[in-house]
Amino acid sequence: MKTLAELAAIREQMKDKVAIRTGSGAVRVVVGMATCGITAGARPVLNAFVEEVTKAGLNDKVMVTQTGCIGICQYEPVVEIYEDGKEKVTYVKMTAEKAKEVVEKHLKGGEAVSQYLIGNTEL
Amino acid sequence: MKDLSLYILDIAMNSVRAGAKNIAILLTEENNVLTLRIEDNGCGMTEEQVEKLSNPFFTTRKTRKVGLGVPFLRMLSEMTGGKVTVTSRPEADFENHGTEVVATFHTDHIDFIPLGDVVETVVTLIQGNPDSDYVFRHKTDKLDVNMDTREMRAILGEEIPLNAYEVLAFIREFLLGQYENEN
Ligand SMILES: Nc1ncnc2c1ncn2[C@@H]1O[C@H](COP(=O)(O)OP(=O)(O)OP(=O)(O)O)[C@@H](O)[C@H]1O
Ligand SMILES: [Mg+2]
């Protein structure tokens with residue numbers, strides 16, 4: 001079983017990394033986590049982004065954050081991506097699988113996954 | 001919502017939105033009654049606001065005209081023969097402002113939905129709001145799972161946020177380990 005003492009090892013491992021990380025946030029992935037989002041399945045979407053961004057080695061560049069109701073409840077789970085110097089991109093009706101694809105193609109590959117974008121998605 | 005852990009996430013999100021720096025999620029199971037207690041030291045509500053909470057048309061949000069969180073929880077609890085009590089002290093009146101939401105559920109009732117992945121709920125809360133502190137406890141006759149992020153912070157120090165990937169992964173394992181060990 002894990003004990004709290006293991007956190008000391010994590011602290012040592014991370015000491016140098018933290019400095020780099022605090023300068024990050026060039027890309028922000030924002031997941032709507034109000035009642036409407038949670039009901040529609042936002043929790044696994046959020047956690048898939050956290051997981052996949054780390055796996056893809058994008059932690060220094062991409063920040064995954066949460067917000068309340070974005071105001072388009074019927075499209076939840078909604079994920080917005082903000083990137084310096086680019087227009088906001090809104091993904092709707094997300095799932096953990098789609099999140100994985102967005103990390104791969106959009107955050108890593110630089111190409112938005114158009115079929116999940118608002119406007120291209122049927123209700 | 002599919003399981004209780006999602007309701008817990010939703011109610012705790014109210015605490016986050018109320019600016020709480022301390023949030024406690026306490027689950028106790030005794031004689032087929034599950035009691036969920038969520039305490040926060042956020043901005044609180046006036047008596048009037050607390051009263052209105054049973055009405056889905058009370059919300060201070062701006063993007064949508066109905067607040068669904070508390071009414072959903074109340075409905076779920078009452079369907080199993082339980083009840084929800086909210087007590088709150090607003091910021092203006094007291095130094096010890098904050099809110100407690102207590103919900104009971106009869107676990108042997110046909111309408112009781114499973115608890116679900118409460119560990120994922122705790123991890124999700126911390127991921128989104130790493131500057132607050134969290135206490136989590138789940139106590140039944142078979143297990144007693146405990147977590148207090150202040151103890152973790154004391155070891156991690158100031159620089160490492162609770163939502164660093166490695167720390168979140170630790171917290172998940174730390175909690176799952178306690179569930180496995182005592183089953
Ligand atoms: N812990 C709390 N502290 C302070 N105010 C609260 C708390 N919980 C609820 N409230 C108040 O009660 C209102 C209704 O809460 P409820 O969860 O039912 O809906 P909501 O959060 O506004 O919207 P939704 O949950 O549907 O996203 C909130 O807008 C807020 O003003
Ligand atoms: Mg709410």
# chains A, B, ... in the order shown; residues from 1 in each chain; ligands from 1
call {"tool": "residues_near_ligand", "arguments": {"ligand": "ligand 1", "cutoff": "9 Å", "atoms": "only C-alpha atoms and all ligand atoms", "output": "ChimeraX atom specification"}}
result
/A:33-38,68-69 /B:10-20,38-46,49-50,52-62,64-73,86,88,90,98-101
call {"tool": "interface_residues", "arguments": {"of": "chain B", "to": "chain A", "cutoff": "6 Å", "atoms": "only C-alpha atoms", "output": "VMD selection string"}}
result
chain B and resid 1 10 63 69 128 156 174 177
call {"tool": "residues_around", "arguments": {"residues": "Thr90 (chain A)", "least_positions_apart": "2", "cutoff": "6 Å", "atoms": "only C-alpha atoms", "output": "CSV table (one decimal) with all heavy atoms, in the first residue's frame"}}
result
chain,number,residue,atom,x,y,z
A,79,VAL,N,-15.5,21.1,-24.5
A,79,VAL,CA,-14.1,21.3,-24.2
A,79,VAL,C,-13.6,22.5,-25.1
A,79,VAL,O,-13.8,22.4,-26.3
A,79,VAL,CB,-13.3,20.1,-24.5
A,79,VAL,CG1,-11.8,20.3,-24.3
A,79,VAL,CG2,-13.7,18.9,-23.6
A,80,GLU,N,-13.1,23.5,-24.5
A,80,GLU,CA,-12.5,24.6,-25.3
A,80,GLU,C,-11.0,24.6,-25.3
A,80,GLU,O,-10.4,24.2,-24.2
A,80,GLU,CB,-13.0,25.9,-24.7
A,80,GLU,CG,-14.5,26.1,-24.8
A,80,GLU,CD,-15.1,27.4,-24.1
A,80,GLU,OE1,-14.4,27.8,-23.2
A,80,GLU,OE2,-16.1,27.9,-24.6
A,117,LEU,N,-16.0,19.3,-33.8
A,117,LEU,CA,-16.2,20.7,-33.5
A,117,LEU,C,-17.6,21.2,-33.4
A,117,LEU,O,-18.5,20.6,-34.1
A,117,LEU,CB,-15.4,21.6,-34.5
A,117,LEU,CG,-13.9,21.4,-34.6
A,117,LEU,CD1,-13.4,22.3,-35.7
A,117,LEU,CD2,-13.3,21.9,-33.2
A,118,ILE,N,-17.9,22.2,-32.7
A,118,ILE,CA,-19.3,22.7,-32.6
A,118,ILE,C,-19.6,23.2,-34.0
A,118,ILE,O,-18.8,23.8,-34.7
A,118,ILE,CB,-19.4,23.8,-31.6
A,118,ILE,CG1,-20.9,24.2,-31.4
A,118,ILE,CG2,-18.6,25.1,-31.9
A,118,ILE,CD1,-21.2,24.9,-30.1
call {"tool": "residues_around", "arguments": {"residues": "His106 (chain A)", "least_positions_apart": "4", "cutoff": "12 Å", "atoms": "only C-alpha atoms", "output": "PDB file with N, CA and C atoms, in the first residue's frame"}}
result
ATOM      1  N   VAL A  27      -0.962  26.586 -24.261  1.00  0.00           N
ATOM      2  CA  VAL A  27      -2.226  26.010 -24.710  1.00  0.00           C
ATOM      3  C   VAL A  27      -3.036  25.642 -23.472  1.00  0.00           C
ATOM      4  N   VAL A  29      -6.528  23.714 -22.223  1.00  0.00           N
ATOM      5  CA  VAL A  29      -7.681  22.871 -22.497  1.00  0.00           C
ATOM      6  C   VAL A  29      -8.647  23.078 -21.339  1.00  0.00           C
ATOM      7  N   VAL A  53      -2.388  13.951 -22.245  1.00  0.00           N
ATOM      8  CA  VAL A  53      -1.454  15.070 -22.405  1.00  0.00           C
ATOM      9  C   VAL A  53      -0.108  14.686 -21.771  1.00  0.00           C
ATOM     10  N   ALA A  56       1.631  12.045 -23.891  1.00  0.00           N
ATOM     11  CA  ALA A  56       2.169  12.620 -25.121  1.00  0.00           C
ATOM     12  C   ALA A  56       3.366  13.540 -24.840  1.00  0.00           C
ATOM     13  N   LEU A  58       3.290  16.411 -23.316  1.00  0.00           N
ATOM     14  CA  LEU A  58       2.930  17.806 -23.610  1.00  0.00           C
ATOM     15  C   LEU A  58       2.689  18.649 -22.362  1.00  0.00           C
ATOM     16  N   VAL A  62       0.913  22.292 -22.430  1.00  0.00           N
ATOM     17  CA  VAL A  62      -0.551  22.252 -22.356  1.00  0.00           C
ATOM     18  C   VAL A  62      -1.023  22.175 -20.911  1.00  0.00           C
ATOM     19  N   ILE A  81     -10.438  24.883 -26.405  1.00  0.00           N
ATOM     20  CA  ILE A  81      -8.976  24.928 -26.464  1.00  0.00           C
ATOM     21  C   ILE A  81      -8.530  26.330 -26.847  1.00  0.00           C
ATOM     22  N   TYR A  82      -7.728  26.905 -25.981  1.00  0.00           N
ATOM     23  CA  TYR A  82      -7.201  28.261 -26.185  1.00  0.00           C
ATOM     24  C   TYR A  82      -5.713  28.144 -26.476  1.00  0.00           C
ATOM     25  N   GLU A  83      -5.324  28.786 -27.554  1.00  0.00           N
ATOM     26  CA  GLU A  83      -3.905  28.761 -27.903  1.00  0.00           C
ATOM     27  C   GLU A  83      -3.472  30.179 -28.251  1.00  0.00           C
ATOM     28  N   VAL A  89     -11.107  27.180 -30.008  1.00  0.00           N
ATOM     29  CA  VAL A  89     -11.717  26.037 -30.677  1.00  0.00           C
ATOM     30  C   VAL A  89     -12.634  25.334 -29.673  1.00  0.00           C
ATOM     31  N   TYR A  91     -14.842  21.980 -28.849  1.00  0.00           N
ATOM     32  CA  TYR A  91     -15.258  20.604 -29.114  1.00  0.00           C
ATOM     33  C   TYR A  91     -16.493  20.290 -28.278  1.00  0.00           C
ATOM     34  N   LYS A  98     -12.674  10.360 -27.758  1.00  0.00           N
ATOM     35  CA  LYS A  98     -12.480  11.538 -28.596  1.00  0.00           C
ATOM     36  C   LYS A  98     -11.369  12.422 -28.017  1.00  0.00           C
ATOM     37  N   ALA A  99     -11.317  12.480 -26.696  1.00  0.00           N
ATOM     38  CA  ALA A  99     -10.283  13.298 -26.042  1.00  0.00           C
ATOM     39  C   ALA A  99      -8.897  12.814 -26.447  1.00  0.00           C
ATOM     40  N   LYS A 100      -8.746  11.507 -26.469  1.00  0.00           N
ATOM     41  CA  LYS A 100      -7.477  10.904 -26.843  1.00  0.00           C
ATOM     42  C   LYS A 100      -7.089  11.310 -28.270  1.00  0.00           C
ATOM     43  N   GLU A 101      -8.074  11.265 -29.133  1.00  0.00           N
ATOM     44  CA  GLU A 101      -7.852  11.634 -30.529  1.00  0.00           C
ATOM     45  C   GLU A 101      -7.478  13.123 -30.658  1.00  0.00           C
ATOM     46  N   VAL A 102      -8.138  13.956 -29.877  1.00  0.00           N
ATOM     47  CA  VAL A 102      -7.859  15.393 -29.927  1.00  0.00           C
ATOM     48  C   VAL A 102      -6.429  15.686 -29.443  1.00  0.00           C
ATOM     49  N   GLY A 110      -1.285  19.404 -34.325  1.00  0.00           N
ATOM     50  CA  GLY A 110      -1.548  20.767 -34.756  1.00  0.00           C
ATOM     51  C   GLY A 110      -2.738  20.930 -35.690  1.00  0.00           C
ATOM     52  N   GLU A 111      -3.526  19.857 -35.835  1.00  0.00           N
ATOM     53  CA  GLU A 111      -4.660  19.891 -36.767  1.00  0.00           C
ATOM     54  C   GLU A 111      -5.941  19.582 -35.982  1.00  0.00           C
ATOM     55  N   ALA A 112      -6.893  20.512 -35.953  1.00  0.00           N
ATOM     56  CA  ALA A 112      -8.129  20.284 -35.204  1.00  0.00           C
ATOM     57  C   ALA A 112      -8.899  19.091 -35.776  1.00  0.00           C
ATOM     58  N   VAL A 113      -9.599  18.355 -34.917  1.00  0.00           N
ATOM     59  CA  VAL A 113     -10.408  17.218 -35.371  1.00  0.00           C
ATOM     60  C   VAL A 113     -11.786  17.757 -35.720  1.00  0.00           C
ATOM     61  N   SER A 114     -11.995  18.036 -37.008  1.00  0.00           N
ATOM     62  CA  SER A 114     -13.141  18.860 -37.373  1.00  0.00           C
ATOM     63  C   SER A 114     -14.487  18.221 -37.077  1.00  0.00           C
ATOM     64  N   TYR A 116     -15.589  16.796 -34.559  1.00  0.00           N
ATOM     65  CA  TYR A 116     -16.062  16.972 -33.181  1.00  0.00           C
ATOM     66  C   TYR A 116     -16.287  18.438 -32.825  1.00  0.00           C
ATOM     67  N   LEU A 117     -16.032  19.318 -33.762  1.00  0.00           N
ATOM     68  CA  LEU A 117     -16.173  20.743 -33.474  1.00  0.00           C
ATOM     69  C   LEU A 117     -17.635  21.159 -33.442  1.00  0.00           C
TER      70      LEU A 117
END
call {"tool": "closest_residue", "arguments": {"among": "A:Ala26, A:Lys93, A:Thr121, A:Pro77", "to": "Asp60 (chain A)", "atoms": "only C-alpha atoms"}}
result
A:Ala26
